[in-house]
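Here is the structure we will look at.
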Amino acid sequence: MPVKRALISVSDKTGVVEFAQQLDKLGIEIVSTGGTSKLLKEAGVNVIGISEVTGFPEIMDGRVKTLHPNIHGGLLAVRDNEKHMQQLAEHQITPIELVVVNLYPFKQTISKPGTDFAEAIENIDIGGPTMLRSAAKNHAFVTVVVDAADYGTVLEEIQAGGVRDETRRKLAAKVFRHTAAYDALISQYLSEHAGEDMPETYTVTYEKVQDLRYGENPHQEAAFYRAPLAVEGNMATAKQLHGKELSYNNINDGNAALGIVKEFNQPAVVAVKHTNPCGVGIGETIYEAYQKAYESDPVSIFGGIIAANRTIDRETALALKEIFLEIIMAPGFTDEALEILQAKKNLRLLELGDVSAKHSADYKLTSVEGGMLIQSEDVKQITEQDLTVVTDRKPTAEEIEQLLFSWKIVKHVKSNAIVLCRDNMTIGVGAGQMNRVGSARIAIEQAGDKAKGSVMASDAFFPMPDTLEEAVKAGITAIIQPGGSIRDEDSIKVANEHGIAMVFTGVRHFKH
């Protein structure tokens, strides 16, 4: 499609001068607005001001400048419709074959600390999306460019005689993706300010980080996307310092590991396999925390993912190097630690930045056939004051400490979940079983002799006393669970008979 007239109006002026200069050399008329027009004129480009086309000045601080029939008639006229072309001639409207527009920086504005509501509103573009949508709708005759990365392709095709149908169609699709994402971000922002948590329609947008080789399995396609306003301290914003490209399962497991490590203020290390923790430890140093995480399950950690909430130092790196791991992620790495770990060619090293007390405020989305489940993230925290002692024996201070430690972990284990802990480390994890006593037996078997004197955490209540009976046989001394079963008294009775302290949280942590 030949181009005779172009309209250029951009907020992001990257590459626009060079692009416009080439259009000008080809004899294409250029219509432009405000700051873009000024910039192009200063660069020696022949420019027609928007007011010369509309016959009307830009008013209201630029809020109204392109919303005019002389613009949108030139964009929307169907060129092989005789009536449309007659009306263009009748109203002296010149067709526009090329539109180059990008939008007010709404995302960048609301990302800045201290941005007030009024400033955010002023950065909602109206004329830009309207021009883009008009041009994209009429892409059979109009080329529309919203991304500076497409300037080169469009210019090459214009120079070759005209922009191809296929190119115009792809560019139009990109425009509608772009405006949809732009509007989604605005709707999220305004809904949040209006207190609309679960509105009648739910629109979200994400930006592609990378294509992935495949999904959970090699026959599944996959890609990784990031939320537009994602802050540091997560998989979407992590900086990869070394190793192979991340896989779908790497990212999913890494996200699970981060969810657990963010529960702790003390130095903590989490080892994850298939989104479940196989070892968690806290200590005075990150090295001590790692040693506890490793000792939790030296078998399952093989081929796992490690997340730490402190910088990895030389001592910890030397220990980590001794086993096969897929990923090590941490706020940072010392130079010595990097040198040690980069000796392992395929080991992925991720720098997270600040992970302290950062929990996502986003909603959790789970696709189902034909729809989507949406819920707020499970970031519920409890303290000692939230616990209700339901047994004759009260837990000791040490038991309370270990019960709260285990509770932070069990909420991240697939249900039915049982976690055994002692000495600030996991010693047994039973995950994802169809009945709770099955999870308890797995955790107790893994703990072995260490189970005696340990504490147990359960993500949901005990429907019958069989799990307590397993705890008794293993020598467990204290239990934390939500409570709320109609048969709570049966479990309490067993605990009392054997001197086990039990506390209720009143909070359930199902994780399906």
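We name chains A, B, ... following the order of the structure tokens; residues begin at 1 in each chain, and ligands are numbered from 1 as shown.
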
Neighbouring residues of Asn81 in chain A were defined as those with any atom within 12 Å, considering only C-alpha atoms; residues of the same chain fewer than 6 positions away were excluded. Please report them as a list of chain:residue names.
A:Gln87, A:Leu88, A:Phe141

Please report, as an MDAnalysis selection string, each residue of range 177-369 of chain A to which DSSP assigns helix (DSSP H, G or I) when run on this structure's backbone.
chainID A and resid 177:194 248:261 286:296 314:320 335:341

Got a sec: who's within 7 Å of range 339-342 of chain A, counting only C-alpha atoms, leaving out chain neighbours fewer than 5 positions off, as a ChimeraX atom specification?
/A:242,317-318,321

A:Glu90, A:Glu295, A:Glu497, A:Asp12: which is nearest Arg422 in chain A, counting only C-alpha atoms?
A:Glu295

Any chance you could list, as a PyMOL selection string, the residues in range 54-154 of chain A that come up strand (DSSP E or B) when DSSP is run on the backbone?
chain A and resi 59+64+98-101+143-145

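The coordinates place CA of Leu76 in chain A at 18.2 Å from CA of Lys174 in chain A.
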
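Using only C-alpha atoms, the nearest neighbour of Glu29 in chain A within the list A:Ile59, A:Leu320, A:Leu75, A:Ile96 is A:Ile96.
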
Using only C-alpha atoms, the best pick from A:Met464, A:Leu325, A:Ala238, A:Leu185 as closest to Ser485 in chain A would be A:Met464

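Once Asp253 in chain A and its same-chain neighbours fewer than 3 positions away are set aside, Met235, Ser247, Tyr248, Asn249, Asn250, Ala256, Ala257, Leu258, Gly259, Ala271, Val272, Lys273, His274, Thr275, Asn276, Pro277, Gly304, Ile305, Ile306 and Ile327 of chain A remain within 10 Å of it when counting only C-alpha atoms.
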
What does the distance between CA of Pro331 in chain A and CA of Thr115 in chain A come to in Å, to one decimal place?
27.4 Å

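The list of residues with at least one atom within 12 Å of Lys25 in chain A, based on only C-alpha atoms and without residues fewer than 6 positions apart in the same chain, reads Glu18, Phe19, Gly44, Val45, Asn46, Leu155, Ile158 and Gln159 of chain A.
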
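Each of A:Ala330, A:Ile282, A:Val31, A:Ile479 was compared to Ile50 in chain A using only C-alpha atoms, and A:Val31 turns out to be the nearest.
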
Could you name the residues that touch Asn102 in chain A at 7 Å or less, counting only C-alpha atoms, but leaving out those on the same chain fewer than 3 positions away, as a ChimeraX atom specification?
/A:10-12,128,146

For Ile48 in chain A, the closest of A:Gly34, A:Pro2, A:Gly453, A:Gly499 counting only C-alpha atoms is A:Gly34

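Residues within 10 Å of His509 in chain A, counting only C-alpha atoms and excluding same-chain residues fewer than 2 positions away, are Asp378, Val379, Lys380, Trp407, Val410, Lys411, His412, Val413, Lys414, Ser415, Asn416, Ala417, Ser458, Asp459, Ala460, Gln481, Pro482, Val507, Lys511 and His512 of chain A.
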
Restricting the output to all heavy atoms, write the selected residues as a compact mmCIF listing (two decimals), in the first residue's frame.
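So the final result, stored in again_36.txt, reads:
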```txt
# COMPACT_ATOMS: atom_id res chain seq x y z
N ASP A 378 -2.43 -15.90 49.60
CA ASP A 378 -2.46 -16.31 51.00
C ASP A 378 -1.21 -15.77 51.70
O ASP A 378 -0.16 -16.39 51.72
CB ASP A 378 -2.48 -17.84 51.09
CG ASP A 378 -2.59 -18.34 52.53
OD1 ASP A 378 -2.71 -17.50 53.45
OD2 ASP A 378 -2.54 -19.57 52.74
N VAL A 379 -1.35 -14.58 52.27
CA VAL A 379 -0.23 -13.95 52.98
C VAL A 379 -0.54 -13.79 54.47
O VAL A 379 0.08 -13.00 55.16
CB VAL A 379 0.13 -12.59 52.35
CG1 VAL A 379 0.64 -12.77 50.93
CG2 VAL A 379 -1.07 -11.64 52.36
N LYS A 380 -1.51 -14.55 54.94
CA LYS A 380 -1.91 -14.47 56.34
C LYS A 380 -0.76 -14.88 57.26
O LYS A 380 -0.13 -15.92 57.08
CB LYS A 380 -3.10 -15.40 56.58
CG LYS A 380 -3.61 -15.42 58.01
CD LYS A 380 -4.33 -14.14 58.37
CE LYS A 380 -4.96 -14.24 59.75
NZ LYS A 380 -5.62 -12.97 60.14
N TRP A 407 4.79 -23.61 61.02
CA TRP A 407 3.55 -23.08 60.44
C TRP A 407 3.84 -22.23 59.20
O TRP A 407 3.08 -22.24 58.22
CB TRP A 407 2.80 -22.25 61.48
CG TRP A 407 1.43 -21.83 61.02
CD1 TRP A 407 1.03 -20.57 60.71
CD2 TRP A 407 0.29 -22.67 60.85
NE1 TRP A 407 -0.29 -20.58 60.33
CE2 TRP A 407 -0.77 -21.86 60.42
CE3 TRP A 407 0.07 -24.04 61.01
CZ2 TRP A 407 -2.03 -22.36 60.14
CZ3 TRP A 407 -1.19 -24.55 60.74
CH2 TRP A 407 -2.22 -23.72 60.30
N VAL A 410 4.39 -25.00 56.44
CA VAL A 410 3.31 -25.90 56.03
C VAL A 410 2.31 -25.19 55.11
O VAL A 410 1.67 -25.84 54.27
CB VAL A 410 2.61 -26.50 57.27
CG1 VAL A 410 1.64 -25.50 57.91
CG2 VAL A 410 1.90 -27.80 56.90
N LYS A 411 2.17 -23.88 55.24
CA LYS A 411 1.25 -23.14 54.37
C LYS A 411 1.67 -23.19 52.91
O LYS A 411 0.87 -22.92 52.01
CB LYS A 411 1.10 -21.69 54.84
CG LYS A 411 2.32 -20.83 54.62
CD LYS A 411 2.15 -19.42 55.18
CE LYS A 411 1.29 -18.56 54.32
NZ LYS A 411 1.33 -17.13 54.74
N HIS A 412 2.94 -23.53 52.64
CA HIS A 412 3.45 -23.55 51.27
C HIS A 412 3.60 -24.98 50.73
O HIS A 412 4.11 -25.16 49.63
CB HIS A 412 4.80 -22.85 51.21
CG HIS A 412 4.72 -21.39 51.52
ND1 HIS A 412 4.38 -20.44 50.57
CD2 HIS A 412 4.91 -20.71 52.69
CE1 HIS A 412 4.39 -19.25 51.13
NE2 HIS A 412 4.70 -19.38 52.41
N VAL A 413 3.16 -25.97 51.49
CA VAL A 413 3.26 -27.37 51.08
C VAL A 413 1.91 -27.80 50.51
O VAL A 413 0.85 -27.46 51.06
CB VAL A 413 3.66 -28.27 52.27
CG1 VAL A 413 3.71 -29.73 51.85
CG2 VAL A 413 5.00 -27.82 52.83
N LYS A 414 1.94 -28.57 49.41
CA LYS A 414 0.69 -29.01 48.80
C LYS A 414 -0.13 -29.84 49.78
O LYS A 414 0.38 -30.73 50.46
CB LYS A 414 0.98 -29.83 47.54
CG LYS A 414 1.59 -29.04 46.40
CD LYS A 414 0.58 -28.06 45.81
CE LYS A 414 1.18 -27.26 44.65
NZ LYS A 414 1.46 -28.09 43.48
N SER A 415 -1.43 -29.59 49.81
CA SER A 415 -2.34 -30.30 50.71
C SER A 415 -2.60 -31.72 50.19
O SER A 415 -2.59 -31.94 48.98
CB SER A 415 -3.67 -29.57 50.78
OG SER A 415 -3.48 -28.26 51.28
N ASN A 416 -2.87 -32.65 51.09
CA ASN A 416 -2.80 -32.55 52.53
C ASN A 416 -1.33 -32.43 52.95
O ASN A 416 -0.49 -33.16 52.45
CB ASN A 416 -3.43 -33.75 53.19
CG ASN A 416 -4.94 -33.76 53.05
OD1 ASN A 416 -5.58 -32.76 53.32
ND2 ASN A 416 -5.49 -34.89 52.63
N ALA A 417 -1.04 -31.54 53.90
CA ALA A 417 0.34 -31.25 54.24
C ALA A 417 0.62 -31.47 55.72
O ALA A 417 -0.17 -31.04 56.58
CB ALA A 417 0.66 -29.80 53.88
N SER A 458 0.14 -29.03 60.73
CA SER A 458 -0.83 -29.54 59.76
C SER A 458 -1.55 -28.35 59.12
O SER A 458 -2.00 -27.44 59.83
CB SER A 458 -1.85 -30.45 60.44
OG SER A 458 -2.87 -30.83 59.55
N ASP A 459 -1.67 -28.36 57.78
CA ASP A 459 -2.27 -27.21 57.11
C ASP A 459 -3.78 -27.11 57.33
O ASP A 459 -4.37 -26.06 57.12
CB ASP A 459 -1.95 -27.23 55.61
CG ASP A 459 -2.58 -28.41 54.88
OD1 ASP A 459 -2.84 -29.44 55.52
OD2 ASP A 459 -2.81 -28.29 53.66
N ALA A 460 -4.41 -28.21 57.75
CA ALA A 460 -5.86 -28.17 58.03
C ALA A 460 -6.13 -29.07 59.23
O ALA A 460 -5.24 -29.77 59.73
CB ALA A 460 -6.65 -28.63 56.80
N GLN A 481 -2.17 -26.75 64.49
CA GLN A 481 -3.15 -27.02 63.45
C GLN A 481 -4.27 -26.00 63.54
O GLN A 481 -4.41 -25.30 64.56
CB GLN A 481 -3.70 -28.45 63.59
CG GLN A 481 -4.34 -28.75 64.94
CD GLN A 481 -5.70 -29.41 64.80
OE1 GLN A 481 -6.49 -29.03 63.95
NE2 GLN A 481 -5.97 -30.41 65.65
N PRO A 482 -5.10 -25.87 62.49
CA PRO A 482 -6.13 -24.83 62.51
C PRO A 482 -7.24 -25.09 63.52
O PRO A 482 -7.79 -24.15 64.09
CB PRO A 482 -6.70 -24.87 61.08
CG PRO A 482 -5.66 -25.52 60.27
CD PRO A 482 -4.99 -26.50 61.17
N VAL A 507 -6.77 -20.72 61.48
CA VAL A 507 -6.46 -20.36 60.08
C VAL A 507 -6.09 -21.62 59.33
O VAL A 507 -5.26 -22.41 59.82
CB VAL A 507 -5.30 -19.35 60.00
CG1 VAL A 507 -4.94 -19.06 58.54
CG2 VAL A 507 -5.66 -18.07 60.71
N LYS A 511 -3.48 -25.71 50.00
CA LYS A 511 -2.73 -25.33 48.80
C LYS A 511 -2.89 -26.46 47.80
O LYS A 511 -2.27 -27.51 47.93
CB LYS A 511 -1.26 -25.10 49.14
CG LYS A 511 -0.43 -24.56 47.97
CD LYS A 511 1.00 -24.29 48.43
CE LYS A 511 1.85 -23.76 47.30
NZ LYS A 511 1.42 -22.44 46.81
N HIS A 512 -3.75 -26.23 46.82
CA HIS A 512 -4.03 -27.27 45.83
C HIS A 512 -3.16 -27.13 44.59
O HIS A 512 -2.56 -26.10 44.38
CB HIS A 512 -5.51 -27.23 45.44
CG HIS A 512 -6.41 -27.67 46.56
ND1 HIS A 512 -7.08 -26.79 47.37
CD2 HIS A 512 -6.72 -28.91 47.00
CE1 HIS A 512 -7.79 -27.47 48.26
NE2 HIS A 512 -7.58 -28.76 48.07
```

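Take CA of Ser300 in chain A and CA of Glu288 in chain A: the distance between them is 18.9 Å.
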